[in-house]
Each structure stands twice: as structure tokens, then as C-alpha cells.
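A.B. asks: Structure in C-alpha cells, see below.
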Amino acid sequence: MLQSELFTKTRREAPKDEVAKNAQLLIRAGYIDKLAAGVYTYLPLGLRVLKKVEQIIRDEMNRAGGIELLMPSFHPKELWEKTGRWNTMTDLYKVADSSGREVALGPTHEEVVTPLVGSFISSYRDLPRAVYQFQNKFRMELRAKSGILRGREFIMKDFYSFHRDEKDLAEYYEKMKAVYKRVFDRIGIGEQTFLTFASGGSFSKYSHEFQTITPAGEDTIYLCVNCRVAINKEVKTEQPNCPSCKGSELREERAIEVGNIFELKTKYSNAFGLSYKDEEGKPQPIQMGCYGIGLGRVMGAAVEVFADEKGIVWPEAIAPFSAHLLNLSAETDEVNFAARALYEELSRRDVDVLYDDRKDVSAGEKFKDSDLIGIPLRVVVSKKTLGEKKYEMKKRTEDSARMVGEEELFAAVNKNSLGDLPSDR
RNA sequence: CGGGGCGUAGUAUAUCGGUAGUAUAUAUGCUUUGGGAGCAUAAGGGCCGGGUUCGAUUCCCGGCGCCCCGACCA
């Protein structure tokens, strides 16, 4: 897309009320805007990142057998009374309409998905099942903080599986660990993200979180240097050694929870009185698991992990664009023509390009903006490059640029287009 | 929810119980064009309510908003 048509602008300074690196950089570069504490707008650039994260997750969830649907945010009070959480969940948003009818704004969807899917399950032949959605969640955080790492409204992928017995649930649960690992690997934060043993509540010994190591994280984890599995501080006292390999050399780290998986077992299916008939016609309880990923947290964690002093550095898979084309001589017809031609050629090759075609903007400002926005590959077209009949190319992670020919440029760009993304042209 | 802090222009800040200053961003003109370019001109500001006072942006009280530490976080 043309940068001259992007309605957002970069800013030199971060708003004084943002301290978190992810929020400062994302606001300065024009990815997000704060509406209220813990409530952010995703601007065109930010939405593109979010959609790329979403598409990777969607692909993996589909491969894991999930079927996508979309449930409402308005949840009748009765559903939450049925599970007892209307009164016990302290961060539940409760709203009443003018007739006095009360609803919850969904912080999670067990109360909706359990009776929904359960109504279609009557036989062992209907199991297993798995459904998921991407949806806005609402949690009345007493203290929203850390930019988009902990908001009051945020987008989450929540996935729910239904099984005939604990064995089938356990096998699926193990499979989902591998699926999650692949998700974070593909997104580009896999090296910093670790399977972490966490509290299992009253139904299982552990649940599992996926924690991305960053000083901005809110959790303390202990990472086993031997097997690369971690344990959350909340269960460290009862489990001093690595729960996986029993190793005792654990390294303390700060981390942000980007995903979690949990064996719900029959907690919710029992609350809604769900059962299925087995081969002998006997009613049996339905076993459930749930699996979440916070999209904003993934995005914020990537900023925290990779940003440098100049700005954001996106992993290629979730960058809003694959290439940032800078036209440094936008007053010169010949250069405009050449830059425009390159822009169109890259677009034809399915490369997402942000083309900085702005006039009356100095070269220095375009470079600064490009560094701040953090697109993986920068391509410069100017009188100078045109004179040499080459392009100047530099990765965001590299210190210096080099001149390349067309073929070398095309070979270097990442074809990462998702087609008709929002704000695509 | 306990504790602390902060609300001045789009943004970042300064000063002050008596005409609110600077930078940047914005508009216009000229110059400039490979790392946030220069000059000139213009426009733009005290969160809301109450109190003290001749006079409040400043002091006091209340509200609202935002940030930080902690607690909480199926």
C-alpha cells in the first residue's frame, strides 16, 4: 500500500502515560492507539500484524482438526450462574440493559460452548469434536498494564475439545502441545517461548502455559537448562525439580504467558448435565479440554523480544509488510516511475509492500520511520540507485545496505502475502 | 483491592497567586533533498465541579482520568 495514503503518522515521542516498550513503539509507529486503560485500537498497520498472527494460528488449528465458529460476547447471566462463576469470577464484566436483564461480557467461553456443542453430541459416534474461534474477550482487570500485554478487552483464540474419555482427552492434549510449539515457531518467537508447567487447579496436577521470555513479562518461571521446559513460580514450591526430566538446574526468568492449555475434564459438561451414550447405550460424561492464545500478547511479546534502540523489528511471518520501499527522490519523474514500477512488480509477485511515496519528506525522516516501523526488508530507490541501475537493499536486522540487481532483490523478498488483508490495495 | 504519583497546545515539556513560554507536529511562502533540514509568518493550551482570594492554571476539597509498586489472574 502507499504510505501517502496511510492515515496514521509516526511520532517522535511516546505519550508520557505509556511506559511499556511494546506500547511506546507500537504507538509511535502507528500500529495502535490507546482509547482507555487497557483498551487499544488496532490501526491499519497493527491490524495487519494481528491478521497475520491470526492466520498462522487458524492454519494450525484447522490442521489439528478444529472447526472455526464465532460465539457472542453477550452471555446470559443464567449460564454463568449454572457454573457458579457469576459470583466467583472477580474480573467478570456484568452489564444490565434498561429492562434490568443482566448479561456477562465473555471473558472466556466455556459457558457458551459447552451447552452449544453438547447439544449436538448424543452418541460416542459424535466424539471427539473440536471447535475454536477468534474473539474479543473482556476482563475487568483491576490494573491494566504493560501496553497490549494485559488489557481489559483483548483478542483471544479459544479452542475447545470434547472427548469420550480421559485417555482420548490426554492424547489430544499431548498433540496440542506440539501444535502450540509449531504455532510459536512459525510466528517467530519459538526460540524464546517455552512449555511451562502451571497450576492445574483442582482437576489435574498441572496445566501448561507457553511463556515467552522477556523482562517485560509478568510471570516468573524457572527454565530447566537441560530439557528446555519451564515451571511457573506458582507451583515451584511443590515441585522443586524439573517436572519433565527431573533436572535440578533451573534458571529464573521473567516471561509473558502467550498461550495456555488446560484439561477441563468434566467440570463444565457436568455443570450443564451433558452426557453421551456409549456402545452399550449407557450415559457417559463428556471430557473437555481448552486451549487459548492471546493474539495481542503474541504481538506485544514479539515487539518486546526483538525491538532495538531504533524501533520495532518484526519477525518475517507477522510483519505488516514484507518489504518497505523508500523513494528518496519523489520529486523526480524518472525515479517515481521506476519506484512505482518496482512496487507493482513486487505486488504482482505476491509480496506485501509498503511504498513510501511521500513527497516533501526528507530522506532522513523516511529512514527513521522505516527503522521505527520495523518491516524486515528495506528497499531504496533514488537518483543514486537509478544511476547505477540497481536497488539498495537492507534487512532491518543488518547494519549496512548493499546494492543489488533486480533478480537478487526478487530472490531476497519474502512472499508472505495473505491476499486481501484489510487496507490492502 | 491496598500503597504511591501525575493531569498545562495533537505530542513532549517550562514557569507562575496577577498578560502561560519552548520544542515538535500542523498551515502558508521561499530555500533544501541519502539519516527526523533552514528561515519567516500563522493558528493552537491550564481535565471537571466546588471552596479560599480583589484575582486560581497555581492553594484546599471532591470527582473523573492515566501511570507505577503490590495483591489478584480457570
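To be explicit about the labels: the chains of the C-alpha cells are called A, B, and onward in the order shown, and within each one the residues are counted from 1, while ligands get numbers from 1 in the order they are shown.
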Hey, could you make a per-residue contact list for chain A against chain B with 6 Å as the cut-off, showing the nearest pair of atoms and its distance in Å to one decimal, counting only C-alpha atoms (C1' of nucleotides), sorted by chain and number, as JSON lines?
C.D. replies:
```
{"residue": "A:Asp17", "atom": "CA", "partner": "B:C67", "partner_atom": "C1'", "distance": 5.5}
{"residue": "A:Ala363", "atom": "CA", "partner": "B:G34", "partner_atom": "C1'", "distance": 5.9}
{"residue": "A:Gly364", "atom": "CA", "partner": "B:G35", "partner_atom": "C1'", "distance": 4.0}
{"residue": "A:Glu365", "atom": "CA", "partner": "B:G36", "partner_atom": "C1'", "distance": 4.5}
```
A.B. asks: Would you please give, as a ChimeraX atom specification, all residues of region 228-356 of chain A that DSSP assigns to strand (DSSP E) based on the backbone?
C.D. replies: /A:230-232,250-265,275-277,283-285,287-294,323-327,353-356
A.B. asks: Got a sec: who's within 7 Å of region 19-24 of chain A, counting only C-alpha atoms (C1' of nucleotides), leaving out chain neighbours fewer than 4 positions off, as a list in words?
C.D. replies: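 Within the cut-off, the hits are Ala14, Arg28, Ser146, Gly147, Ile148, Gly300, Val303 and Glu304 of chain A.
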A.B. asks: So which bits of region 336-423 of chain A end up helix (DSSP H, G or I) when you DSSP the backbone, as an MDAnalysis selection string?
C.D. replies: chainID A and resid 336:348 363:373 383:388 406:412
A.B. asks: Env of region 346-358 of chain A: 8 Å cut, atoms = only C-alpha atoms (C1' of nucleotides), seq-sep filter 5 positions within chain, self excluded. Answer as a PDB file with N, CA and C atoms, in the first residue's frame.
C.D. replies:
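And here's around32.pdb as it stands now:
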```pdb
ATOM      1  N   MET A   1       0.835  -1.185   0.000  1.00  0.00           N
ATOM      2  CA  MET A   1       0.000   0.000   0.000  1.00  0.00           C
ATOM      3  C   MET A   1       0.876   1.243   0.000  1.00  0.00           C
ATOM      4  N   LEU A   2       0.283   2.365  -0.384  1.00  0.00           N
ATOM      5  CA  LEU A   2       1.030   3.608  -0.470  1.00  0.00           C
ATOM      6  C   LEU A   2       1.061   4.277   0.897  1.00  0.00           C
ATOM      7  N   GLN A   3       2.259   4.624   1.312  1.00  0.00           N
ATOM      8  CA  GLN A   3       2.371   5.244   2.624  1.00  0.00           C
ATOM      9  C   GLN A   3       1.703   6.619   2.649  1.00  0.00           C
ATOM     10  N   SER A   4       1.647   7.276   1.478  1.00  0.00           N
ATOM     11  CA  SER A   4       0.995   8.594   1.430  1.00  0.00           C
ATOM     12  C   SER A   4      -0.495   8.472   1.716  1.00  0.00           C
ATOM     13  N   PRO A 320       3.833  -6.482   9.163  1.00  0.00           N
ATOM     14  CA  PRO A 320       2.663  -5.981   8.433  1.00  0.00           C
ATOM     15  C   PRO A 320       2.890  -6.003   6.931  1.00  0.00           C
ATOM     16  N   PHE A 321       4.144  -5.807   6.542  1.00  0.00           N
ATOM     17  CA  PHE A 321       4.534  -5.904   5.140  1.00  0.00           C
ATOM     18  C   PHE A 321       5.865  -6.639   5.091  1.00  0.00           C
ATOM     19  N   SER A 322       6.148  -7.234   3.946  1.00  0.00           N
ATOM     20  CA  SER A 322       7.425  -7.941   3.803  1.00  0.00           C
ATOM     21  C   SER A 322       8.536  -7.003   3.387  1.00  0.00           C
ATOM     22  N   ALA A 323       8.174  -5.958   2.679  1.00  0.00           N
ATOM     23  CA  ALA A 323       9.201  -5.037   2.207  1.00  0.00           C
ATOM     24  C   ALA A 323       8.723  -3.598   2.369  1.00  0.00           C
ATOM     25  N   HIS A 324       9.669  -2.719   2.680  1.00  0.00           N
ATOM     26  CA  HIS A 324       9.391  -1.294   2.794  1.00  0.00           C
ATOM     27  C   HIS A 324      10.184  -0.604   1.700  1.00  0.00           C
ATOM     28  N   LEU A 325       9.481  -0.099   0.714  1.00  0.00           N
ATOM     29  CA  LEU A 325      10.117   0.545  -0.435  1.00  0.00           C
ATOM     30  C   LEU A 325      10.173   2.046  -0.198  1.00  0.00           C
ATOM     31  N   LEU A 326      11.392   2.590  -0.138  1.00  0.00           N
ATOM     32  CA  LEU A 326      11.552   4.021   0.085  1.00  0.00           C
ATOM     33  C   LEU A 326      11.953   4.704  -1.220  1.00  0.00           C
ATOM     34  N   ASN A 327      11.195   5.697  -1.570  1.00  0.00           N
ATOM     35  CA  ASN A 327      11.544   6.528  -2.720  1.00  0.00           C
ATOM     36  C   ASN A 327      12.159   7.810  -2.173  1.00  0.00           C
ATOM     37  N   ALA A 330      11.362  11.617  -4.602  1.00  0.00           N
ATOM     38  CA  ALA A 330       9.957  11.615  -5.033  1.00  0.00           C
ATOM     39  C   ALA A 330       9.576  12.830  -5.847  1.00  0.00           C
ATOM     40  N   LYS A 366      12.453   9.489   6.245  1.00  0.00           N
ATOM     41  CA  LYS A 366      11.985   8.195   5.734  1.00  0.00           C
ATOM     42  C   LYS A 366      12.780   7.034   6.335  1.00  0.00           C
ATOM     43  N   PHE A 410      14.480  -9.807  -6.001  1.00  0.00           N
ATOM     44  CA  PHE A 410      13.300 -10.668  -6.004  1.00  0.00           C
ATOM     45  C   PHE A 410      13.552 -11.954  -5.232  1.00  0.00           C
ATOM     46  N   VAL A 413      13.187 -11.196  -1.260  1.00  0.00           N
ATOM     47  CA  VAL A 413      11.938 -10.820  -0.596  1.00  0.00           C
ATOM     48  C   VAL A 413      11.132 -12.041  -0.193  1.00  0.00           C
ATOM     49  N   ASN A 414      10.435 -11.864   0.875  1.00  0.00           N
ATOM     50  CA  ASN A 414       9.643 -12.934   1.434  1.00  0.00           C
ATOM     51  C   ASN A 414       8.226 -12.852   0.888  1.00  0.00           C
ATOM     52  N   LYS A 415       7.800 -13.903   0.232  1.00  0.00           N
ATOM     53  CA  LYS A 415       6.414 -13.918  -0.257  1.00  0.00           C
ATOM     54  C   LYS A 415       5.517 -14.302   0.898  1.00  0.00           C
ATOM     55  N   ASN A 416       4.919 -13.318   1.467  1.00  0.00           N
ATOM     56  CA  ASN A 416       4.151 -13.576   2.681  1.00  0.00           C
ATOM     57  C   ASN A 416       2.779 -12.960   2.602  1.00  0.00           C
ATOM     58  N   SER A 417       2.333 -12.710   1.405  1.00  0.00           N
ATOM     59  CA  SER A 417       1.040 -12.053   1.265  1.00  0.00           C
ATOM     60  C   SER A 417      -0.084 -12.981   1.716  1.00  0.00           C
ATOM     61  N   GLY A 419      -3.132 -12.164   0.789  1.00  0.00           N
ATOM     62  CA  GLY A 419      -4.234 -11.796  -0.087  1.00  0.00           C
ATOM     63  C   GLY A 419      -4.915 -10.539   0.390  1.00  0.00           C
TER      64      GLY A 419
END
```
